[in-house]
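This is run-v3.csv. It holds CSV, N, CA and C atoms.
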chain,number,residue,atom,x,y,z
A,1,GLN,N,5.1,14.4,-13.3
A,1,GLN,CA,4.0,13.7,-12.7
A,1,GLN,C,4.2,12.3,-12.5
A,2,VAL,N,4.2,11.8,-11.3
A,2,VAL,CA,4.4,10.4,-11.0
A,2,VAL,C,3.2,9.6,-11.3
A,3,GLN,N,3.3,8.5,-12.0
A,3,GLN,CA,2.2,7.6,-12.2
A,3,GLN,C,2.5,6.3,-11.4
A,4,LEU,N,1.5,5.8,-10.8
A,4,LEU,CA,1.6,4.6,-10.0
A,4,LEU,C,0.7,3.5,-10.5
A,5,VAL,N,1.2,2.3,-10.6
A,5,VAL,CA,0.3,1.2,-11.0
A,5,VAL,C,0.4,0.0,-10.0
A,6,GLU,N,-0.8,-0.3,-9.4
A,6,GLU,CA,-0.8,-1.4,-8.5
A,6,GLU,C,-1.2,-2.7,-9.1
A,7,SER,N,-0.8,-3.7,-8.5
A,7,SER,CA,-1.2,-5.1,-9.0
A,7,SER,C,-1.2,-6.0,-7.8
A,8,GLY,N,-1.8,-7.2,-8.0
A,8,GLY,CA,-1.7,-8.2,-7.0
A,8,GLY,C,-3.0,-8.5,-6.2
A,9,GLY,N,-4.0,-7.6,-6.4
A,9,GLY,CA,-5.3,-7.8,-5.7
A,9,GLY,C,-6.0,-9.1,-6.2
A,10,GLY,N,-7.1,-9.4,-5.5
A,10,GLY,CA,-7.9,-10.5,-6.0
A,10,GLY,C,-8.7,-11.1,-4.8
A,11,LEU,N,-9.3,-12.2,-5.1
A,11,LEU,CA,-10.1,-12.9,-4.1
A,11,LEU,C,-9.3,-14.0,-3.4
A,12,VAL,N,-9.4,-13.9,-2.1
A,12,VAL,CA,-8.6,-14.9,-1.2
A,12,VAL,C,-9.5,-15.3,-0.1
A,13,GLN,N,-9.3,-16.5,0.4
A,13,GLN,CA,-10.1,-17.0,1.5
A,13,GLN,C,-9.5,-16.5,2.8
A,14,PRO,N,-10.3,-16.4,3.8
A,14,PRO,CA,-9.8,-16.0,5.2
A,14,PRO,C,-8.6,-16.9,5.6
A,15,GLY,N,-7.6,-16.2,6.1
A,15,GLY,CA,-6.4,-16.9,6.5
A,15,GLY,C,-5.3,-17.0,5.4
A,16,GLY,N,-5.7,-16.6,4.2
A,16,GLY,CA,-4.8,-16.6,3.1
A,16,GLY,C,-3.9,-15.4,3.0
A,17,SER,N,-3.1,-15.4,1.9
A,17,SER,CA,-2.1,-14.3,1.8
A,17,SER,C,-2.2,-13.8,0.3
A,18,LEU,N,-1.8,-12.5,0.3
A,18,LEU,CA,-1.6,-11.8,-1.0
A,18,LEU,C,-0.4,-10.9,-0.9
A,19,ARG,N,0.2,-10.6,-2.1
A,19,ARG,CA,1.3,-9.6,-2.1
A,19,ARG,C,0.9,-8.6,-3.2
A,20,LEU,N,0.8,-7.4,-2.7
A,20,LEU,CA,0.5,-6.3,-3.6
A,20,LEU,C,1.8,-5.6,-4.0
A,21,SER,N,1.8,-5.1,-5.3
A,21,SER,CA,2.9,-4.4,-5.8
A,21,SER,C,2.5,-3.1,-6.4
A,22,CYS,N,3.3,-2.1,-6.3
A,22,CYS,CA,3.0,-0.8,-6.9
A,22,CYS,C,4.3,-0.3,-7.5
A,23,THR,N,4.3,0.0,-8.8
A,23,THR,CA,5.5,0.5,-9.5
A,23,THR,C,5.3,1.9,-10.0
A,24,ALA,N,6.3,2.7,-9.7
A,24,ALA,CA,6.2,4.1,-10.1
A,24,ALA,C,6.8,4.3,-11.5
A,25,SER,N,6.4,5.4,-12.1
A,25,SER,CA,6.9,5.7,-13.5
A,25,SER,C,8.2,6.3,-13.5
A,26,GLU,N,8.7,6.7,-12.3
A,26,GLU,CA,10.0,7.3,-12.2
A,26,GLU,C,10.6,7.0,-10.9
A,27,THR,N,11.9,7.2,-10.8
A,27,THR,CA,12.6,6.9,-9.5
A,27,THR,C,12.1,7.8,-8.4
A,28,ILE,N,11.8,7.2,-7.3
A,28,ILE,CA,11.4,7.9,-6.1
A,28,ILE,C,12.5,8.0,-5.1
A,29,ILE,N,12.8,9.2,-4.7
A,29,ILE,CA,13.9,9.4,-3.7
A,29,ILE,C,13.6,8.5,-2.5
A,30,SER,N,14.6,7.8,-1.9
A,30,SER,CA,14.3,6.9,-0.8
A,30,SER,C,13.8,7.6,0.4
A,31,SER,N,14.1,8.9,0.5
A,31,SER,CA,13.6,9.6,1.7
A,31,SER,C,12.1,10.0,1.5
A,32,ASP,N,11.6,9.9,0.3
A,32,ASP,CA,10.2,10.3,0.1
A,32,ASP,C,9.4,9.0,0.5
A,33,PRO,N,8.3,9.2,1.2
A,33,PRO,CA,7.5,8.1,1.7
A,33,PRO,C,6.7,7.4,0.6
A,34,MET,N,6.6,6.1,0.6
A,34,MET,CA,5.7,5.4,-0.2
A,34,MET,C,4.8,4.6,0.7
A,35,SER,N,3.5,4.6,0.4
A,35,SER,CA,2.5,4.1,1.4
A,35,SER,C,1.5,3.3,0.7
A,36,TRP,N,0.8,2.5,1.5
A,36,TRP,CA,-0.4,1.8,1.1
A,36,TRP,C,-1.6,2.3,2.0
A,37,TYR,N,-2.7,2.7,1.3
A,37,TYR,CA,-3.9,3.0,2.0
A,37,TYR,C,-5.0,2.0,1.5
A,38,ARG,N,-6.1,2.0,2.3
A,38,ARG,CA,-7.2,1.2,1.8
A,38,ARG,C,-8.5,1.9,2.1
A,39,GLN,N,-9.5,1.5,1.3
A,39,GLN,CA,-10.8,2.1,1.5
A,39,GLN,C,-11.9,1.0,1.3
A,40,ALA,N,-12.6,0.7,2.4
A,40,ALA,CA,-13.6,-0.3,2.4
A,40,ALA,C,-14.9,0.4,2.0
A,41,PRO,N,-15.9,-0.3,1.4
A,41,PRO,CA,-17.1,0.3,1.0
A,41,PRO,C,-17.8,1.1,2.1
A,42,GLY,N,-18.1,2.3,1.7
A,42,GLY,CA,-18.8,3.2,2.7
A,42,GLY,C,-17.9,3.8,3.8
A,43,LYS,N,-16.6,3.6,3.7
A,43,LYS,CA,-15.7,4.1,4.7
A,43,LYS,C,-14.7,5.0,4.1
A,44,GLU,N,-14.0,5.7,5.0
A,44,GLU,CA,-13.0,6.6,4.5
A,44,GLU,C,-11.7,5.9,4.2
A,45,ARG,N,-10.8,6.5,3.4
A,45,ARG,CA,-9.6,5.9,3.1
A,45,ARG,C,-8.6,6.0,4.3
A,46,LYS,N,-7.9,5.0,4.6
A,46,LYS,CA,-7.1,5.0,5.8
A,46,LYS,C,-5.7,4.4,5.4
A,47,LEU,N,-4.7,4.9,6.2
A,47,LEU,CA,-3.3,4.4,6.0
A,47,LEU,C,-3.2,3.0,6.5
A,48,VAL,N,-2.6,2.2,5.7
A,48,VAL,CA,-2.2,0.8,6.1
A,48,VAL,C,-0.8,0.7,6.5
A,49,ALA,N,0.1,1.2,5.7
A,49,ALA,CA,1.5,1.1,6.0
A,49,ALA,C,2.3,2.2,5.2
A,50,ARG,N,3.4,2.6,5.7
A,50,ARG,CA,4.3,3.6,5.1
A,50,ARG,C,5.7,3.3,5.3
A,51,ILE,N,6.5,3.5,4.3
A,51,ILE,CA,8.0,3.3,4.4
A,51,ILE,C,8.8,4.4,3.7
A,52,ARG,N,9.9,4.7,4.4
A,52,ARG,CA,10.8,5.7,3.9
A,52,ARG,C,12.2,5.5,4.6
A,53,SER,N,13.2,5.8,3.9
A,53,SER,CA,14.5,5.6,4.4
A,53,SER,C,14.8,6.3,5.7
A,54,GLY,N,15.5,5.8,6.6
A,54,GLY,CA,15.9,6.4,7.9
A,54,GLY,C,14.9,6.3,9.0
A,55,ARG,N,13.7,5.7,8.7
A,55,ARG,CA,12.7,5.5,9.7
A,55,ARG,C,12.2,4.1,9.7
A,56,ASP,N,11.7,3.7,10.8
A,56,ASP,CA,11.0,2.4,10.9
A,56,ASP,C,9.7,2.5,10.1
A,57,PRO,N,9.4,1.4,9.4
A,57,PRO,CA,8.1,1.4,8.7
A,57,PRO,C,6.9,1.6,9.7
A,58,GLU,N,5.9,2.4,9.2
A,58,GLU,CA,4.7,2.6,10.0
A,58,GLU,C,3.7,1.6,9.5
A,59,VAL,N,3.0,0.9,10.5
A,59,VAL,CA,2.0,0.0,10.2
A,59,VAL,C,0.8,0.2,11.0
A,60,ALA,N,-0.4,0.2,10.5
A,60,ALA,CA,-1.6,0.4,11.2
A,60,ALA,C,-1.8,-0.7,12.3
A,61,ASP,N,-2.4,-0.3,13.4
A,61,ASP,CA,-2.6,-1.3,14.5
A,61,ASP,C,-3.5,-2.4,14.0
A,62,SER,N,-4.4,-2.2,13.1
A,62,SER,CA,-5.3,-3.2,12.7
A,62,SER,C,-4.7,-4.3,11.8
A,63,VAL,N,-3.5,-4.0,11.3
A,63,VAL,CA,-2.8,-5.0,10.5
A,63,VAL,C,-1.4,-5.4,11.0
A,64,ARG,N,-1.0,-4.8,12.1
A,64,ARG,CA,0.3,-5.1,12.6
A,64,ARG,C,0.5,-6.5,13.0
A,65,GLY,N,1.6,-7.1,12.5
A,65,GLY,CA,1.9,-8.5,12.8
A,65,GLY,C,1.4,-9.4,11.6
A,66,ARG,N,0.5,-8.8,10.8
A,66,ARG,CA,0.0,-9.6,9.6
A,66,ARG,C,0.5,-9.1,8.3
A,67,PHE,N,0.6,-7.8,8.2
A,67,PHE,CA,1.1,-7.1,7.0
A,67,PHE,C,2.5,-6.6,7.1
A,68,ALA,N,3.2,-6.5,6.0
A,68,ALA,CA,4.5,-6.0,6.0
A,68,ALA,C,4.7,-5.2,4.7
A,69,ILE,N,5.3,-4.0,4.9
A,69,ILE,CA,5.6,-3.2,3.7
A,69,ILE,C,7.1,-3.3,3.4
A,70,SER,N,7.5,-3.3,2.2
A,70,SER,CA,8.9,-3.2,1.8
A,70,SER,C,9.0,-2.4,0.5
A,71,ARG,N,10.2,-2.2,0.1
A,71,ARG,CA,10.5,-1.3,-1.0
A,71,ARG,C,11.7,-1.7,-1.7
A,72,ASP,N,11.7,-1.6,-3.0
A,72,ASP,CA,12.9,-1.9,-3.9
A,72,ASP,C,13.1,-0.6,-4.7
A,73,ASN,N,14.0,0.2,-4.3
A,73,ASN,CA,14.2,1.5,-5.0
A,73,ASN,C,14.7,1.3,-6.4
A,74,ALA,N,15.5,0.3,-6.6
A,74,ALA,CA,16.0,0.1,-8.0
A,74,ALA,C,14.9,-0.3,-8.9
A,75,LYS,N,13.9,-1.0,-8.4
A,75,LYS,CA,12.7,-1.4,-9.3
A,75,LYS,C,11.6,-0.3,-9.2
A,76,LYS,N,11.8,0.7,-8.4
A,76,LYS,CA,10.8,1.8,-8.2
A,76,LYS,C,9.4,1.2,-7.8
A,77,THR,N,9.5,0.2,-6.9
A,77,THR,CA,8.4,-0.6,-6.5
A,77,THR,C,8.3,-0.7,-5.0
A,78,VAL,N,7.0,-0.6,-4.5
A,78,VAL,CA,6.7,-0.8,-3.1
A,78,VAL,C,5.8,-2.0,-3.0
A,79,TYR,N,6.0,-2.8,-2.0
A,79,TYR,CA,5.2,-4.1,-1.8
A,79,TYR,C,4.4,-4.0,-0.5
A,80,LEU,N,3.3,-4.8,-0.5
A,80,LEU,CA,2.6,-5.0,0.7
A,80,LEU,C,2.3,-6.5,0.8
A,81,GLN,N,3.0,-7.1,1.7
A,81,GLN,CA,2.8,-8.6,2.0
A,81,GLN,C,1.7,-8.7,3.0
A,82,MET,N,0.6,-9.4,2.6
A,82,MET,CA,-0.6,-9.5,3.5
A,82,MET,C,-0.8,-10.9,3.9
A,83,ASN,N,-0.7,-11.3,5.1
A,83,ASN,CA,-0.9,-12.6,5.6
A,83,ASN,C,-2.0,-12.7,6.6
A,84,SER,N,-2.5,-13.9,6.8
A,84,SER,CA,-3.6,-14.1,7.8
A,84,SER,C,-4.8,-13.1,7.5
A,85,LEU,N,-5.2,-13.1,6.2
A,85,LEU,CA,-6.2,-12.1,5.8
A,85,LEU,C,-7.5,-12.4,6.5
A,86,LYS,N,-8.3,-11.3,6.8
A,86,LYS,CA,-9.6,-11.4,7.4
A,86,LYS,C,-10.6,-10.8,6.5
A,87,PRO,N,-11.9,-11.1,6.6
A,87,PRO,CA,-12.9,-10.5,5.8
A,87,PRO,C,-12.9,-9.0,6.0
A,88,GLU,N,-12.5,-8.5,7.1
A,88,GLU,CA,-12.5,-7.0,7.3
A,88,GLU,C,-11.3,-6.3,6.6
A,89,ASP,N,-10.5,-7.1,6.0
A,89,ASP,CA,-9.4,-6.5,5.2
A,89,ASP,C,-9.9,-6.2,3.8
A,90,THR,N,-11.1,-6.6,3.5
A,90,THR,CA,-11.7,-6.4,2.1
A,90,THR,C,-11.8,-4.9,1.9
A,91,ALA,N,-11.2,-4.4,0.8
A,91,ALA,CA,-11.1,-3.0,0.5
A,91,ALA,C,-10.4,-2.8,-0.9
A,92,VAL,N,-10.5,-1.6,-1.4
A,92,VAL,CA,-9.6,-1.2,-2.5
A,92,VAL,C,-8.3,-0.7,-1.8
A,93,TYR,N,-7.2,-1.2,-2.3
A,93,TYR,CA,-5.9,-0.8,-1.8
A,93,TYR,C,-5.2,0.2,-2.8
A,94,TYR,N,-4.8,1.3,-2.2
A,94,TYR,CA,-4.2,2.4,-3.1
A,94,TYR,C,-2.8,2.6,-2.7
A,95,CYS,N,-2.0,2.8,-3.7
A,95,CYS,CA,-0.6,3.1,-3.5
A,95,CYS,C,-0.5,4.7,-3.5
A,96,ASN,N,0.4,5.2,-2.6
A,96,ASN,CA,0.6,6.6,-2.5
A,96,ASN,C,2.1,6.9,-2.4
A,97,VAL,N,2.5,8.0,-3.1
A,97,VAL,CA,3.8,8.5,-3.0
A,97,VAL,C,3.7,10.0,-2.7
A,98,ARG,N,4.5,10.5,-1.8
A,98,ARG,CA,4.5,11.9,-1.5
A,98,ARG,C,5.9,12.5,-1.9
A,99,GLU,N,5.9,13.3,-3.0
A,99,GLU,CA,7.1,13.8,-3.5
A,99,GLU,C,7.0,15.3,-3.6
A,100,ASN,N,8.0,16.0,-3.0
A,100,ASN,CA,8.0,17.5,-3.0
A,100,ASN,C,6.7,18.0,-2.5
A,101,GLY,N,6.1,17.4,-1.5
A,101,GLY,CA,4.9,17.9,-0.9
A,101,GLY,C,3.6,17.6,-1.7
A,102,VAL,N,3.7,16.8,-2.8
A,102,VAL,CA,2.6,16.5,-3.6
A,102,VAL,C,2.3,15.0,-3.5
A,103,ASN,N,1.0,14.7,-3.3
A,103,ASN,CA,0.6,13.3,-3.2
A,103,ASN,C,0.2,12.8,-4.5
A,104,TYR,N,0.7,11.6,-4.8
A,104,TYR,CA,0.3,10.9,-6.1
A,104,TYR,C,-0.3,9.6,-5.6
A,105,TRP,N,-1.4,9.2,-6.4
A,105,TRP,CA,-2.1,8.0,-6.1
A,105,TRP,C,-2.3,7.1,-7.3
A,106,GLY,N,-2.3,5.8,-7.0
A,106,GLY,CA,-2.6,4.8,-8.0
A,106,GLY,C,-4.1,4.7,-8.1
A,107,ARG,N,-4.6,3.9,-9.1
A,107,ARG,CA,-6.0,3.7,-9.3
A,107,ARG,C,-6.6,2.7,-8.3
A,108,GLY,N,-5.8,2.0,-7.6
A,108,GLY,CA,-6.3,1.0,-6.7
A,108,GLY,C,-6.4,-0.4,-7.2
A,109,THR,N,-6.3,-1.3,-6.3
A,109,THR,CA,-6.5,-2.7,-6.6
A,109,THR,C,-7.4,-3.4,-5.5
A,110,LEU,N,-8.4,-4.1,-6.0
A,110,LEU,CA,-9.4,-4.6,-5.1
A,110,LEU,C,-8.9,-5.9,-4.4
A,111,VAL,N,-9.0,-6.0,-3.1
A,111,VAL,CA,-8.8,-7.2,-2.3
A,111,VAL,C,-10.1,-7.6,-1.7
A,112,THR,N,-10.5,-8.8,-2.0
A,112,THR,CA,-11.7,-9.4,-1.4
A,112,THR,C,-11.3,-10.6,-0.6
A,113,VAL,N,-11.7,-10.6,0.7
A,113,VAL,CA,-11.4,-11.8,1.6
A,113,VAL,C,-12.7,-12.4,1.9
A,114,SER,N,-12.9,-13.6,1.4
A,114,SER,CA,-14.2,-14.2,1.5
A,114,SER,C,-14.1,-15.7,1.3
A,115,SER,N,-14.9,-16.5,2.0
A,115,SER,CA,-15.0,-17.9,1.7
A,115,SER,C,-16.1,-18.3,0.7
Translate the structure of the given file into structure tokens.
Amino acid sequence: QVQLVESGGGLVQPGGSLRLSCTASETIISSDPMSWYRQAPGKERKLVARIRSGRDPEVADSVRGRFAISRDNAKKTVYLQMNSLKPEDTAVYYCNVRENGVNYWGRGTLVTVSS
């Protein structure tokens, strides 16, 4: 059972930056996707970005050009660099790993963009 722990959330002003991290409890095969989702209050959870070896990273249209996903397999960690943050980016951000057809989720980290 993979356990995922997110960190890096917090309060930031519009236009600011944050870097989220998610560390897995075990090594994730590079071909298995690691992703970031987010869920705003009253809305459904949506994919923000996904990364796996052999494919270009997937990034949602709403954050393309502002967010970037990266991965350090040796550290069992996936990152989400978020720049030019907007109030509409406010949400709980969840890390996801899909391994052997099973989805694993972290508990989430809250990102609040507000002045």
Subject >> Best match for closeness to Val111 (chain A) among A:Val5, A:Val12, A:Val59, A:Leu20, counting only N, CA and C atoms >> reply: A:Val12
Subject >> Expected answer as a ChimeraX atom specification: helix (DSSP H, G or I) residues in region 18-104 of chain A >> reply: /A:73-75,87-89
**OP:** Quick one: everything within 12 Å of Asp61 (chain A), counting only C-alpha atoms, minus sequence neighbours fewer than 3 positions away in the same chain. Send it as number ranges by chain.
**Re:** A: 46-49, 58, 64-67
**OP:** Place a sphere of radius 7 Å on (16.3, 2.8, -8.2) in the file coordinates and name every protein, DNA or RNA residue with an atom inside or on its surface, counting only C-alpha atoms; give the answer as an MDAnalysis selection string.
**Re:** chainID A and resid 27 73:76
Identify, on the basis of only N, CA and C atoms, every residue whose closest approach to Ser31 (chain A) does not exceed 6 Å; exclude the query and any residue fewer than 2 positions from it along the same chain; express the result as a PDB file with N, CA and C atoms, in the coordinates of the input.
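Just written: around.pdb:
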ATOM      1  N   ILE A  28      11.800   7.200  -7.300  1.00  0.00           N
ATOM      2  CA  ILE A  28      11.400   7.900  -6.100  1.00  0.00           C
ATOM      3  C   ILE A  28      12.500   8.000  -5.100  1.00  0.00           C
ATOM      4  N   ILE A  29      12.800   9.200  -4.700  1.00  0.00           N
ATOM      5  CA  ILE A  29      13.900   9.400  -3.700  1.00  0.00           C
ATOM      6  C   ILE A  29      13.600   8.500  -2.500  1.00  0.00           C
ATOM      7  N   PRO A  33       8.300   9.200   1.200  1.00  0.00           N
ATOM      8  CA  PRO A  33       7.500   8.100   1.700  1.00  0.00           C
ATOM      9  C   PRO A  33       6.700   7.400   0.600  1.00  0.00           C
ATOM     10  N   ARG A  52       9.900   4.700   4.400  1.00  0.00           N
ATOM     11  CA  ARG A  52      10.800   5.700   3.900  1.00  0.00           C
ATOM     12  C   ARG A  52      12.200   5.500   4.600  1.00  0.00           C
ATOM     13  N   SER A  53      13.200   5.800   3.900  1.00  0.00           N
ATOM     14  CA  SER A  53      14.500   5.600   4.400  1.00  0.00           C
ATOM     15  C   SER A  53      14.800   6.300   5.700  1.00  0.00           C
TER      16      SER A  53
END
**OP:** Rank A:Ala68, A:Asp32, A:Arg50, A:Cys95 by their smallest atom-to-atom distance to Met82 (chain A), using all atoms listed in the file, and report the top residue only.
**Re:** A:Ala68
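Rounded to one decimal, atom N of Gly15 (chain A) and atom N of Val113 (chain A) lie 8.8 Å from each other.
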Original post:
CA of Asn83 (chain A) to CA of Ser17 (chain A): how many Å, to one decimal?
Top reply: 4.3 Å
Original post:
Can you list, as a PyMOL selection string, every protein, DNA or RNA residue that comes within 6.5 Å of Tyr93 (chain A) when you count only N, CA and C atoms, leaving out same-chain residues fewer than 6 positions away?
Top reply: chain A and resi 36-39+107-111
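Using all atoms listed in the file, the contacts of Ala24 (chain A) at a cut-off of 5 Å, with sequence neighbours closer than 6 positions omitted, comprise Gln3, Leu4, Lys76 and Thr77 of chain A.
Of the residues listed (A:Gln1, A:Gly106, A:Val92, A:Ser30), A:Ser30 shows the shortest atom-to-atom separation from Gly54 (chain A); distances use only C-alpha atoms.
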Original post:
Just asking: which residues within chain A are strand (DSSP E) according to DSSP, as a PyMOL selection string?
Top reply: chain A and resi 4-7+10-12+18-24+34-39+46-51+58-59+67-72+77-82+91-99+102-105+109-113
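Put simply, atom N of Val63 (chain A) is 20.4 Å away from CA of Ser115 (chain A).
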Give the centre and edge lengths of an axis-aligned box, in Å to one decimal, that holds all listed atoms of region 90-94 of chain A with 3 Å on each side, as lines of an AutoDock Vina configuration file.
center_x = -7.3
center_y = -2.0
center_z = 0.2
size_x = 15.0
size_y = 15.2
size_z = 12.6
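Using all atoms listed in the file, the nearest neighbour of Gln81 (chain A) within the list A:Ile69, A:Cys22, A:Pro41, A:Asn96 is A:Ile69.
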Subject >> Nearest candidate to Val97 (chain A) (options A:Ala40, A:Met34, A:Leu11, A:Ala60; using only C-alpha atoms) >> reply: A:Met34
